[in-house]
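Structure below is final.pdb: PDB, C-alpha atoms and all ligand atoms.
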```pdb
ATOM      1  CA  MET A1415       0.000   0.000   0.000  1.00  0.00           C
ATOM      2  CA  PRO A1416       1.352   3.508  -0.764  1.00  0.00           C
ATOM      3  CA  ASN A1417       2.182   5.724   2.192  1.00  0.00           C
ATOM      4  CA  LEU A1418      -0.620   7.889   3.546  1.00  0.00           C
ATOM      5  CA  ILE A1419       0.185  11.578   3.074  1.00  0.00           C
ATOM      6  CA  VAL A1420      -1.867  14.333   4.695  1.00  0.00           C
ATOM      7  CA  THR A1421      -0.835  17.899   3.862  1.00  0.00           C
ATOM      8  CA  ILE A1422      -1.408  20.983   6.015  1.00  0.00           C
ATOM      9  CA  ASP A1423      -0.434  24.327   4.518  1.00  0.00           C
ATOM     10  CA  GLY A1424      -0.995  27.844   5.753  1.00  0.00           C
ATOM     11  CA  PRO A1425       0.631  31.114   6.802  1.00  0.00           C
ATOM     12  CA  ALA A1426       2.974  31.766   9.731  1.00  0.00           C
ATOM     13  CA  GLY A1427       1.604  31.225  13.200  1.00  0.00           C
ATOM     14  CA  VAL A1428      -1.681  29.625  12.166  1.00  0.00           C
ATOM     15  CA  GLY A1429      -1.100  26.515  14.289  1.00  0.00           C
ATOM     16  CA  LYS A1430      -0.023  24.066  11.593  1.00  0.00           C
ATOM     17  CA  SER A1431       2.583  22.337  13.763  1.00  0.00           C
ATOM     18  CA  THR A1432       0.245  21.842  16.696  1.00  0.00           C
ATOM     19  CA  MET A1433      -2.414  20.358  14.434  1.00  0.00           C
ATOM     20  CA  ALA A1434       0.057  18.277  12.431  1.00  0.00           C
ATOM     21  CA  LYS A1435       1.432  16.713  15.640  1.00  0.00           C
ATOM     22  CA  GLN A1436      -2.046  15.934  16.959  1.00  0.00           C
ATOM     23  CA  LEU A1437      -3.353  14.550  13.682  1.00  0.00           C
ATOM     24  CA  ALA A1438      -0.209  12.472  13.178  1.00  0.00           C
ATOM     25  CA  ARG A1439      -0.686  11.014  16.672  1.00  0.00           C
ATOM     26  CA  GLU A1440      -4.308  10.177  15.835  1.00  0.00           C
ATOM     27  CA  LEU A1441      -3.188   8.438  12.624  1.00  0.00           C
ATOM     28  CA  GLY A1442      -0.144   6.753  14.222  1.00  0.00           C
ATOM     29  CA  ILE A1443       2.352   8.271  11.773  1.00  0.00           C
ATOM     30  CA  PRO A1444       5.184  10.881  11.900  1.00  0.00           C
ATOM     31  CA  TYR A1445       4.658  14.556  11.187  1.00  0.00           C
ATOM     32  CA  LEU A1446       7.074  16.516   9.037  1.00  0.00           C
ATOM     33  CA  ASP A1447       7.713  20.169   9.883  1.00  0.00           C
ATOM     34  CA  THR A1448       9.065  21.487   6.575  1.00  0.00           C
ATOM     35  CA  GLY A1449       9.376  25.018   7.992  1.00  0.00           C
ATOM     36  CA  ALA A1450      12.009  23.553  10.326  1.00  0.00           C
ATOM     37  CA  MET A1451      13.950  22.392   7.261  1.00  0.00           C
ATOM     38  CA  PHE A1452      14.026  25.926   5.793  1.00  0.00           C
ATOM     39  CA  ARG A1453      14.766  27.380   9.237  1.00  0.00           C
ATOM     40  CA  SER A1454      17.663  24.968   9.819  1.00  0.00           C
ATOM     41  CA  ILE A1455      19.243  25.888   6.488  1.00  0.00           C
ATOM     42  CA  ALA A1456      18.921  29.606   7.267  1.00  0.00           C
ATOM     43  CA  TRP A1457      20.244  29.044  10.781  1.00  0.00           C
ATOM     44  CA  LYS A1458      23.230  26.963   9.660  1.00  0.00           C
ATOM     45  CA  LEU A1459      24.238  29.117   6.695  1.00  0.00           C
ATOM     46  CA  GLY A1460      23.543  32.351   8.567  1.00  0.00           C
ATOM     47  CA  GLU A1461      22.350  35.845   7.795  1.00  0.00           C
ATOM     48  CA  GLY A1462      23.065  36.962   4.243  1.00  0.00           C
ATOM     49  CA  SER A1463      23.351  33.423   2.849  1.00  0.00           C
ATOM     50  CA  TRP A1464      20.321  34.169   0.664  1.00  0.00           C
ATOM     51  CA  ASP A1465      22.593  36.476  -1.366  1.00  0.00           C
ATOM     52  CA  TRP A1466      25.188  33.805  -2.087  1.00  0.00           C
ATOM     53  CA  ASP A1467      25.548  32.536  -5.606  1.00  0.00           C
ATOM     54  CA  GLU A1468      23.801  29.324  -6.590  1.00  0.00           C
ATOM     55  CA  ALA A1469      26.939  27.203  -6.908  1.00  0.00           C
ATOM     56  CA  ARG A1470      28.048  28.056  -3.371  1.00  0.00           C
ATOM     57  CA  LEU A1471      24.595  27.317  -1.956  1.00  0.00           C
ATOM     58  CA  GLU A1472      24.395  24.061  -3.868  1.00  0.00           C
ATOM     59  CA  SER A1473      27.727  22.853  -2.567  1.00  0.00           C
ATOM     60  CA  GLU A1474      26.827  23.773   1.039  1.00  0.00           C
ATOM     61  CA  LEU A1475      23.457  22.026   0.733  1.00  0.00           C
ATOM     62  CA  ALA A1476      25.069  18.838  -0.553  1.00  0.00           C
ATOM     63  CA  ALA A1477      26.246  18.256   3.038  1.00  0.00           C
ATOM     64  CA  PHE A1478      22.713  18.572   4.528  1.00  0.00           C
ATOM     65  CA  ASP A1479      21.053  15.266   5.363  1.00  0.00           C
ATOM     66  CA  TYR A1480      17.636  15.135   7.077  1.00  0.00           C
ATOM     67  CA  THR A1481      16.285  12.130   8.939  1.00  0.00           C
ATOM     68  CA  LEU A1482      12.955  11.563  10.637  1.00  0.00           C
ATOM     69  CA  SER A1483      11.935   9.210  13.425  1.00  0.00           C
ATOM     70  CA  GLY A1484       9.077   8.815  15.914  1.00  0.00           C
ATOM     71  CA  ILE A1485       5.339   9.302  15.711  1.00  0.00           C
ATOM     72  CA  GLY A1486       2.937  12.191  16.354  1.00  0.00           C
ATOM     73  CA  GLU A1487       4.281  14.869  18.705  1.00  0.00           C
ATOM     74  CA  ASP A1488       7.297  12.622  19.362  1.00  0.00           C
ATOM     75  CA  SER A1489       8.461  12.897  15.749  1.00  0.00           C
ATOM     76  CA  ILE A1490      12.089  13.954  15.629  1.00  0.00           C
ATOM     77  CA  LEU A1491      13.640  15.742  12.668  1.00  0.00           C
ATOM     78  CA  SER A1492      17.429  15.666  12.619  1.00  0.00           C
ATOM     79  CA  LEU A1493      19.972  17.398  10.447  1.00  0.00           C
ATOM     80  CA  ASN A1494      23.188  15.437   9.969  1.00  0.00           C
ATOM     81  CA  GLY A1495      22.338  13.329  12.991  1.00  0.00           C
ATOM     82  CA  VAL A1496      21.680  16.286  15.313  1.00  0.00           C
ATOM     83  CA  VAL A1497      18.117  16.928  16.512  1.00  0.00           C
ATOM     84  CA  ILE A1498      16.832  20.290  15.269  1.00  0.00           C
ATOM     85  CA  GLY A1499      16.026  22.216  18.444  1.00  0.00           C
ATOM     86  CA  ASP A1500      14.337  25.388  19.642  1.00  0.00           C
ATOM     87  CA  GLU A1501      17.233  27.623  18.522  1.00  0.00           C
ATOM     88  CA  ILE A1502      15.471  27.990  15.141  1.00  0.00           C
ATOM     89  CA  ARG A1503      12.133  29.047  16.680  1.00  0.00           C
ATOM     90  CA  THR A1504      12.491  32.812  16.687  1.00  0.00           C
ATOM     91  CA  GLU A1505      10.658  35.218  14.391  1.00  0.00           C
ATOM     92  CA  GLU A1506      14.068  36.455  13.196  1.00  0.00           C
ATOM     93  CA  VAL A1507      15.088  32.987  12.009  1.00  0.00           C
ATOM     94  CA  GLY A1508      11.564  32.647  10.542  1.00  0.00           C
ATOM     95  CA  MET A1509      12.268  35.678   8.363  1.00  0.00           C
ATOM     96  CA  TRP A1510      15.686  34.301   7.373  1.00  0.00           C
ATOM     97  CA  ALA A1511      13.935  31.045   6.451  1.00  0.00           C
ATOM     98  CA  SER A1512      11.419  32.967   4.378  1.00  0.00           C
ATOM     99  CA  ASN A1513      14.354  34.646   2.596  1.00  0.00           C
ATOM    100  CA  VAL A1514      16.194  31.412   1.741  1.00  0.00           C
ATOM    101  CA  ALA A1515      12.816  29.918   0.767  1.00  0.00           C
ATOM    102  CA  THR A1516      12.600  32.310  -2.185  1.00  0.00           C
ATOM    103  CA  LEU A1517      15.670  30.650  -3.764  1.00  0.00           C
ATOM    104  CA  PRO A1518      14.960  27.965  -6.392  1.00  0.00           C
ATOM    105  CA  VAL A1519      18.161  26.072  -5.476  1.00  0.00           C
ATOM    106  CA  VAL A1520      17.034  25.725  -1.849  1.00  0.00           C
ATOM    107  CA  ARG A1521      13.456  24.782  -2.762  1.00  0.00           C
ATOM    108  CA  SER A1522      14.626  22.219  -5.250  1.00  0.00           C
ATOM    109  CA  PHE A1523      17.019  20.645  -2.729  1.00  0.00           C
ATOM    110  CA  LEU A1524      14.312  20.437  -0.052  1.00  0.00           C
ATOM    111  CA  LYS A1525      11.711  19.183  -2.517  1.00  0.00           C
ATOM    112  CA  THR A1526      13.865  16.115  -3.127  1.00  0.00           C
ATOM    113  CA  ALA A1527      14.503  15.655   0.608  1.00  0.00           C
ATOM    114  CA  GLN A1528      10.794  16.036   1.489  1.00  0.00           C
ATOM    115  CA  GLN A1529       9.566  13.737  -1.257  1.00  0.00           C
ATOM    116  CA  SER A1530      12.085  11.084  -0.309  1.00  0.00           C
ATOM    117  CA  LEU A1531      10.846  11.195   3.312  1.00  0.00           C
ATOM    118  CA  GLY A1532       7.326  10.792   1.867  1.00  0.00           C
ATOM    119  CA  GLU A1533       8.494   7.663   0.045  1.00  0.00           C
ATOM    120  CA  ARG A1534       9.838   6.172   3.270  1.00  0.00           C
ATOM    121  CA  PHE A1535       7.077   7.176   5.689  1.00  0.00           C
ATOM    122  CA  SER A1536       3.396   7.953   5.891  1.00  0.00           C
ATOM    123  CA  LEU A1537       3.305  11.613   6.917  1.00  0.00           C
ATOM    124  CA  VAL A1538       1.327  14.563   8.077  1.00  0.00           C
ATOM    125  CA  ALA A1539       3.409  17.132   6.206  1.00  0.00           C
ATOM    126  CA  GLU A1540       3.039  20.799   7.087  1.00  0.00           C
ATOM    127  CA  GLY A1541       4.401  23.905   5.368  1.00  0.00           C
ATOM    128  CA  ARG A1542       3.512  26.274   2.544  1.00  0.00           C
ATOM    129  CA  ASP A1543       3.593  24.145  -0.613  1.00  0.00           C
ATOM    130  CA  MET A1544       2.867  20.624   0.610  1.00  0.00           C
ATOM    131  CA  GLY A1545      -0.463  20.260  -1.201  1.00  0.00           C
ATOM    132  CA  THR A1546       0.474  22.296  -4.268  1.00  0.00           C
ATOM    133  CA  VAL A1547       4.039  21.234  -5.153  1.00  0.00           C
ATOM    134  CA  ILE A1548       5.570  18.567  -2.913  1.00  0.00           C
ATOM    135  CA  PHE A1549       2.693  16.092  -2.543  1.00  0.00           C
ATOM    136  CA  PRO A1550       0.192  17.094  -5.243  1.00  0.00           C
ATOM    137  CA  ASP A1551      -1.373  13.595  -5.209  1.00  0.00           C
ATOM    138  CA  ALA A1552      -1.946  13.480  -1.435  1.00  0.00           C
ATOM    139  CA  PRO A1553      -5.465  12.215  -0.712  1.00  0.00           C
ATOM    140  CA  HIS A1554      -6.042  14.635   2.162  1.00  0.00           C
ATOM    141  CA  LYS A1555      -5.114  18.308   1.915  1.00  0.00           C
ATOM    142  CA  PHE A1556      -5.882  21.124   4.318  1.00  0.00           C
ATOM    143  CA  PHE A1557      -5.208  24.838   4.268  1.00  0.00           C
ATOM    144  CA  LEU A1558      -5.400  26.572   7.652  1.00  0.00           C
ATOM    145  CA  ASP A1559      -5.931  30.311   7.798  1.00  0.00           C
ATOM    146  CA  ALA A1560      -6.496  32.998  10.454  1.00  0.00           C
ATOM    147  CA  SER A1561      -6.255  36.789  10.728  1.00  0.00           C
ATOM    148  CA  VAL A1562      -2.818  38.363  11.281  1.00  0.00           C
ATOM    149  CA  ASP A1563      -3.924  39.651  14.716  1.00  0.00           C
ATOM    150  CA  GLU A1564      -4.981  36.204  15.852  1.00  0.00           C
ATOM    151  CA  ARG A1565      -1.801  34.568  14.567  1.00  0.00           C
ATOM    152  CA  ALA A1566       0.427  37.186  16.220  1.00  0.00           C
ATOM    153  CA  GLN A1567      -1.391  36.598  19.492  1.00  0.00           C
ATOM    154  CA  ARG A1568      -0.866  32.821  19.223  1.00  0.00           C
ATOM    155  CA  ARG A1569       2.834  33.253  18.386  1.00  0.00           C
ATOM    156  CA  PHE A1570       3.181  35.661  21.321  1.00  0.00           C
ATOM    157  CA  LEU A1571       1.845  33.043  23.736  1.00  0.00           C
ATOM    158  CA  GLN A1572       4.015  30.333  22.149  1.00  0.00           C
ATOM    159  CA  LEU A1573       7.188  32.442  22.569  1.00  0.00           C
ATOM    160  CA  GLN A1574       6.244  33.273  26.145  1.00  0.00           C
ATOM    161  CA  ASP A1575       5.846  29.556  26.819  1.00  0.00           C
ATOM    162  CA  MET A1576       9.391  29.010  25.552  1.00  0.00           C
ATOM    163  CA  ASN A1577      10.642  31.912  27.726  1.00  0.00           C
ATOM    164  CA  LYS A1578      11.671  33.848  24.613  1.00  0.00           C
ATOM    165  CA  PRO A1579      11.252  37.640  24.333  1.00  0.00           C
ATOM    166  CA  ALA A1580       8.050  38.659  22.543  1.00  0.00           C
ATOM    167  CA  ASP A1581       6.440  41.955  21.542  1.00  0.00           C
ATOM    168  CA  LEU A1582       2.916  41.662  20.157  1.00  0.00           C
ATOM    169  CA  GLU A1583       2.964  44.708  17.850  1.00  0.00           C
ATOM    170  CA  GLU A1584       6.354  43.724  16.462  1.00  0.00           C
ATOM    171  CA  LEU A1585       5.090  40.192  15.863  1.00  0.00           C
ATOM    172  CA  LYS A1586       2.124  41.538  13.867  1.00  0.00           C
ATOM    173  CA  THR A1587       4.483  43.503  11.623  1.00  0.00           C
ATOM    174  CA  GLN A1588       6.888  40.577  11.213  1.00  0.00           C
ATOM    175  CA  ILE A1589       4.142  38.080  10.432  1.00  0.00           C
ATOM    176  CA  ALA A1590       2.523  40.396   7.877  1.00  0.00           C
ATOM    177  CA  ARG A1591       5.916  40.939   6.213  1.00  0.00           C
ATOM    178  CA  ARG A1592       6.658  37.211   6.096  1.00  0.00           C
ATOM    179  CA  ASP A1593       3.144  36.462   4.750  1.00  0.00           C
ATOM    180  CA  HIS A1594       3.658  38.947   1.973  1.00  0.00           C
ATOM    181  CA  GLN A1595       6.990  37.394   0.955  1.00  0.00           C
ATOM    182  CA  ASP A1596       5.702  33.796   1.234  1.00  0.00           C
ATOM    183  CA  ARG A1597       2.553  34.524  -0.803  1.00  0.00           C
ATOM    184  CA  ASN A1598       4.260  36.542  -3.515  1.00  0.00           C
ATOM    185  CA  ARG A1599       7.507  34.695  -4.273  1.00  0.00           C
ATOM    186  CA  ALA A1600       7.916  33.355  -7.802  1.00  0.00           C
ATOM    187  CA  VAL A1601       8.564  29.713  -6.866  1.00  0.00           C
ATOM    188  CA  ALA A1602       5.994  27.656  -4.935  1.00  0.00           C
ATOM    189  CA  PRO A1603       4.186  30.582  -3.283  1.00  0.00           C
ATOM    190  CA  LEU A1604       1.947  29.992  -0.307  1.00  0.00           C
ATOM    191  CA  LYS A1605      -1.567  29.210  -1.546  1.00  0.00           C
ATOM    192  CA  ALA A1606      -4.252  26.619  -1.044  1.00  0.00           C
ATOM    193  CA  ALA A1607      -4.237  23.688  -3.469  1.00  0.00           C
ATOM    194  CA  ASP A1608      -7.379  23.646  -5.630  1.00  0.00           C
ATOM    195  CA  ASP A1609      -8.442  20.419  -3.946  1.00  0.00           C
ATOM    196  CA  ALA A1610      -7.567  21.462  -0.357  1.00  0.00           C
ATOM    197  CA  THR A1611     -10.142  21.979   2.382  1.00  0.00           C
ATOM    198  CA  THR A1612      -9.669  25.466   3.843  1.00  0.00           C
ATOM    199  CA  VAL A1613     -10.326  25.885   7.559  1.00  0.00           C
ATOM    200  CA  ASP A1614     -10.508  29.445   8.899  1.00  0.00           C
ATOM    201  CA  THR A1615      -9.314  28.957  12.460  1.00  0.00           C
ATOM    202  CA  THR A1616      -9.670  32.597  13.622  1.00  0.00           C
ATOM    203  CA  ASP A1617     -12.653  31.856  15.858  1.00  0.00           C
ATOM    204  CA  LEU A1618     -11.983  28.180  16.521  1.00  0.00           C
ATOM    205  CA  ASP A1619     -10.165  26.623  19.449  1.00  0.00           C
ATOM    206  CA  LYS A1620      -7.592  23.853  18.977  1.00  0.00           C
ATOM    207  CA  GLN A1621     -10.086  21.079  19.616  1.00  0.00           C
ATOM    208  CA  GLN A1622     -12.485  22.431  16.994  1.00  0.00           C
ATOM    209  CA  VAL A1623      -9.721  22.669  14.382  1.00  0.00           C
ATOM    210  CA  PHE A1624      -8.537  19.169  15.232  1.00  0.00           C
ATOM    211  CA  GLU A1625     -12.068  17.798  14.880  1.00  0.00           C
ATOM    212  CA  ALA A1626     -12.457  19.505  11.502  1.00  0.00           C
ATOM    213  CA  LEU A1627      -9.247  17.826  10.284  1.00  0.00           C
ATOM    214  CA  VAL A1628     -10.163  14.372  11.605  1.00  0.00           C
ATOM    215  CA  LYS A1629     -13.599  14.670  10.017  1.00  0.00           C
ATOM    216  CA  GLY A1630     -11.987  15.743   6.731  1.00  0.00           C
ATOM    217  CA  VAL A1631      -9.688  12.710   6.709  1.00  0.00           C
ATOM    218  CA  LYS A1632     -12.505  10.295   7.591  1.00  0.00           C
ATOM    219  CA  ASN A1633     -14.942  11.732   5.031  1.00  0.00           C
ATOM    220  CA  ASN A1634     -12.370  11.346   2.325  1.00  0.00           C
ATOM    221  CA  SER A1635     -11.169   7.794   3.124  1.00  0.00           C
TER     222      SER A1635
HETATM  223  O1  LIG A1701       6.345  27.327   9.077  1.00  0.00           O
HETATM  224  P1  LIG A1701       7.534  28.172   9.502  1.00  0.00           P
HETATM  225  O2  LIG A1701       7.140  29.485  10.094  1.00  0.00           O
HETATM  226  O3  LIG A1701       8.473  27.409  10.383  1.00  0.00           O
HETATM  227  O4  LIG A1701       8.325  28.473   8.134  1.00  0.00           O
HETATM  228  C1  LIG A1701       9.434  29.331   8.071  1.00  0.00           C
HETATM  229  C2  LIG A1701       9.571  29.867   6.654  1.00  0.00           C
HETATM  230  O5  LIG A1701       9.991  28.817   5.789  1.00  0.00           O
HETATM  231  C3  LIG A1701       8.308  30.433   6.013  1.00  0.00           C
HETATM  232  O6  LIG A1701       8.109  31.801   6.285  1.00  0.00           O
HETATM  233  C4  LIG A1701       8.507  30.170   4.552  1.00  0.00           C
HETATM  234  C5  LIG A1701       9.396  28.958   4.510  1.00  0.00           C
HETATM  235  N1  LIG A1701       8.675  27.725   4.162  1.00  0.00           N
HETATM  236  C6  LIG A1701       8.404  27.514   2.838  1.00  0.00           C
HETATM  237  O7  LIG A1701       8.672  28.373   2.010  1.00  0.00           O
HETATM  238  N2  LIG A1701       7.841  26.335   2.450  1.00  0.00           N
HETATM  239  C7  LIG A1701       7.516  25.411   3.347  1.00  0.00           C
HETATM  240  N3  LIG A1701       6.970  24.256   2.923  1.00  0.00           N
HETATM  241  C8  LIG A1701       7.741  25.635   4.724  1.00  0.00           C
HETATM  242  C9  LIG A1701       8.318  26.815   5.115  1.00  0.00           C
END
```

Show me this structure written as structure tokens.
Amino acid sequence: MPNLIVTIDGPAGVGKSTMAKQLARELGIPYLDTGAMFRSIAWKLGEGSWDWDEARLESELAAFDYTLSGIGEDSILSLNGVVIGDEIRTEEVGMWASNVATLPVVRSFLKTAQQSLGERFSLVAEGRDMGTVIFPDAPHKFFLDASVDERAQRRFLQLQDMNKPADLEELKTQIARRDHQDRNRAVAPLKAADDATTVDTTDLDKQQVFEALVKGVKNNS
């Protein structure tokens, strides 16, 4: 039987990771946080790497190897054998990731890495282009959305939970800027796949979103 792939796309701070972990647990499969892959590249190569020439980026990326283990919220994504940790979870690194994510050479490298994980594992895969570009044949596709204010508020609470500095107004500006870049880049922009179910989560709590996803998967099985 082919692997089961469920895709969850949507803008920054909409709660994709939380839902992907929970849904993956429900289905007994790993979840793949593809934002963490872009973030880890940006983090490793550092600020300004998005201005490097293609050949240099390509040769650096050749040394990047991603592995995945575990199920549900216990899924572990590692880069070259080292678990990717919370150091990448700042809005600053999110913006760096958005910058490297505009580069065709980076997208093409990660497309291969993501699709090969999808060949090895059933996945709940979350990101920006899972349903449109990486897993266009996935049987279950979701697009989560919410207002910028709501997403900034959620990110604010998340950062507070991790004891990281957070300023709500600054987060709103950063998220809106990142949205704009992610939605308007030339390659694989953020958008809902034609056959995705869109869930506006602005006025829903986590349980309601989770139930909408589980219902979507069951209705379409
Ligand atoms: O989901 P996130 O905030 O961790 O993603 C960080 C950035 O990575 C996001 O602003 C754009 C980029 N990204 C992408 O272009 N495609 C993906 N599938 C996932 C993330």

Could you list, as a list of chain:residue names, all residues that come within 6 Å of ligand LIG 1701 (chain A)? Count only C-alpha atoms and all ligand atoms.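 So the residues close to ligand LIG 1701 (chain A) are A:Ala1426, A:Thr1448, A:Gly1449, A:Ala1450, A:Phe1452, A:Arg1453, A:Gly1508, A:Ala1511, A:Ser1512, A:Ala1515, A:Gly1541, A:Arg1542, A:Asp1543, A:Met1544, A:Arg1592, A:Asp1596.
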
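With all atoms listed in the file as the basis for measurement, A:Arg1568 is the residue among A:Ala1527, A:Asn1598, A:Arg1568, A:Leu1418 that approaches Lys1586 (chain A) most closely.
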
Report the distance between CA of Ala1476 (chain A) and CA of Leu1459 (chain A) in Å, rounded to one decimal place. 12.6 Å

Residues matched by the PyMOL selection byres (((chain A and resi 1483) around 10) and not hetatm), written as a PyMOL selection string: chain A and resi 1443-1446+1481-1482+1484-1486+1488-1492+1535

Atom pair CA of Ile1455 (chain A) / CA of Asp1581 (chain A): separation (Å): 25.5 Å

Ref. answer, residues at most 10 Å from (-5.8, 30.0, 9.5) with only C-alpha atoms, as a PDB file with C-alpha atoms, in the frame of the given file:
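Wrote out.pdb, looks like this:
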```pdb
ATOM      1  CA  ASP A1423      -0.434  24.327   4.518  1.00  0.00           C
ATOM      2  CA  GLY A1424      -0.995  27.844   5.753  1.00  0.00           C
ATOM      3  CA  PRO A1425       0.631  31.114   6.802  1.00  0.00           C
ATOM      4  CA  ALA A1426       2.974  31.766   9.731  1.00  0.00           C
ATOM      5  CA  GLY A1427       1.604  31.225  13.200  1.00  0.00           C
ATOM      6  CA  VAL A1428      -1.681  29.625  12.166  1.00  0.00           C
ATOM      7  CA  GLY A1429      -1.100  26.515  14.289  1.00  0.00           C
ATOM      8  CA  LYS A1430      -0.023  24.066  11.593  1.00  0.00           C
ATOM      9  CA  PHE A1557      -5.208  24.838   4.268  1.00  0.00           C
ATOM     10  CA  LEU A1558      -5.400  26.572   7.652  1.00  0.00           C
ATOM     11  CA  ASP A1559      -5.931  30.311   7.798  1.00  0.00           C
ATOM     12  CA  ALA A1560      -6.496  32.998  10.454  1.00  0.00           C
ATOM     13  CA  SER A1561      -6.255  36.789  10.728  1.00  0.00           C
ATOM     14  CA  VAL A1562      -2.818  38.363  11.281  1.00  0.00           C
ATOM     15  CA  GLU A1564      -4.981  36.204  15.852  1.00  0.00           C
ATOM     16  CA  ARG A1565      -1.801  34.568  14.567  1.00  0.00           C
ATOM     17  CA  THR A1612      -9.669  25.466   3.843  1.00  0.00           C
ATOM     18  CA  VAL A1613     -10.326  25.885   7.559  1.00  0.00           C
ATOM     19  CA  ASP A1614     -10.508  29.445   8.899  1.00  0.00           C
ATOM     20  CA  THR A1615      -9.314  28.957  12.460  1.00  0.00           C
ATOM     21  CA  THR A1616      -9.670  32.597  13.622  1.00  0.00           C
ATOM     22  CA  ASP A1617     -12.653  31.856  15.858  1.00  0.00           C
ATOM     23  CA  LEU A1618     -11.983  28.180  16.521  1.00  0.00           C
ATOM     24  CA  VAL A1623      -9.721  22.669  14.382  1.00  0.00           C
TER      25      VAL A1623
END
```

With all atoms listed in the file as the atoms that count, which of A:Ser1522, A:Thr1432, A:Thr1611, A:Gln1572 lies nearest to Thr1504 (chain A)?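 Looking only at the distances to Thr1504 (chain A), the closest residue turns out to be A:Gln1572.
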
Could you state the separation of CA of Asn1417 (chain A) and CA of Ser1536 (chain A) in Å, given to one decimal place? 4.5 Å

Given all atoms listed in the file as the basis, pick out the residue of A:Met1451, A:Val1631, A:Leu1585, A:Ala1552 nearest to Asp1609 (chain A). A:Ala1552

Would you mind putting back N, CA, C and O atoms on region 1576-1587 of chain A, then writing it out as a tab-separated table (two decimals), in the coordinates of the input?
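Below is the file rebuild.tsv, written as the result:
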```tsv
chain	number	residue	atom	x	y	z
A	1576	MET	N	8.00	29.46	25.72
A	1576	MET	CA	9.39	29.01	25.55
A	1576	MET	C	10.37	29.96	26.25
A	1576	MET	O	11.59	29.86	26.03
A	1577	ASN	N	9.82	30.92	27.03
A	1577	ASN	CA	10.64	31.91	27.73
A	1577	ASN	C	11.50	32.72	26.77
A	1577	ASN	O	12.64	33.07	27.08
A	1578	LYS	N	10.94	33.02	25.58
A	1578	LYS	CA	11.67	33.85	24.61
A	1578	LYS	C	11.03	35.23	24.61
A	1578	LYS	O	9.81	35.36	24.81
A	1579	PRO	N	11.82	36.29	24.34
A	1579	PRO	CA	11.25	37.64	24.33
A	1579	PRO	C	10.19	37.78	23.24
A	1579	PRO	O	10.35	37.22	22.15
A	1580	ALA	N	9.12	38.51	23.53
A	1580	ALA	CA	8.05	38.66	22.54
A	1580	ALA	C	7.38	40.01	22.69
A	1580	ALA	O	7.10	40.45	23.80
A	1581	ASP	N	7.14	40.67	21.55
A	1581	ASP	CA	6.44	41.96	21.54
A	1581	ASP	C	5.31	41.81	20.53
A	1581	ASP	O	5.55	41.55	19.34
A	1582	LEU	N	4.07	41.97	21.00
A	1582	LEU	CA	2.92	41.66	20.16
A	1582	LEU	C	2.86	42.52	18.89
A	1582	LEU	O	2.65	41.99	17.78
A	1583	GLU	N	3.06	43.83	19.03
A	1583	GLU	CA	2.96	44.71	17.85
A	1583	GLU	C	4.05	44.37	16.84
A	1583	GLU	O	3.82	44.34	15.63
A	1584	GLU	N	5.25	44.08	17.36
A	1584	GLU	CA	6.35	43.72	16.46
A	1584	GLU	C	6.03	42.41	15.74
A	1584	GLU	O	6.31	42.25	14.56
A	1585	LEU	N	5.44	41.48	16.47
A	1585	LEU	CA	5.09	40.19	15.86
A	1585	LEU	C	4.10	40.38	14.72
A	1585	LEU	O	4.20	39.74	13.67
A	1586	LYS	N	3.12	41.27	14.93
A	1586	LYS	CA	2.12	41.54	13.87
A	1586	LYS	C	2.82	42.02	12.60
A	1586	LYS	O	2.53	41.56	11.50
A	1587	THR	N	3.77	42.96	12.78
A	1587	THR	CA	4.48	43.50	11.62
A	1587	THR	C	5.31	42.41	10.95
A	1587	THR	O	5.31	42.27	9.72
```
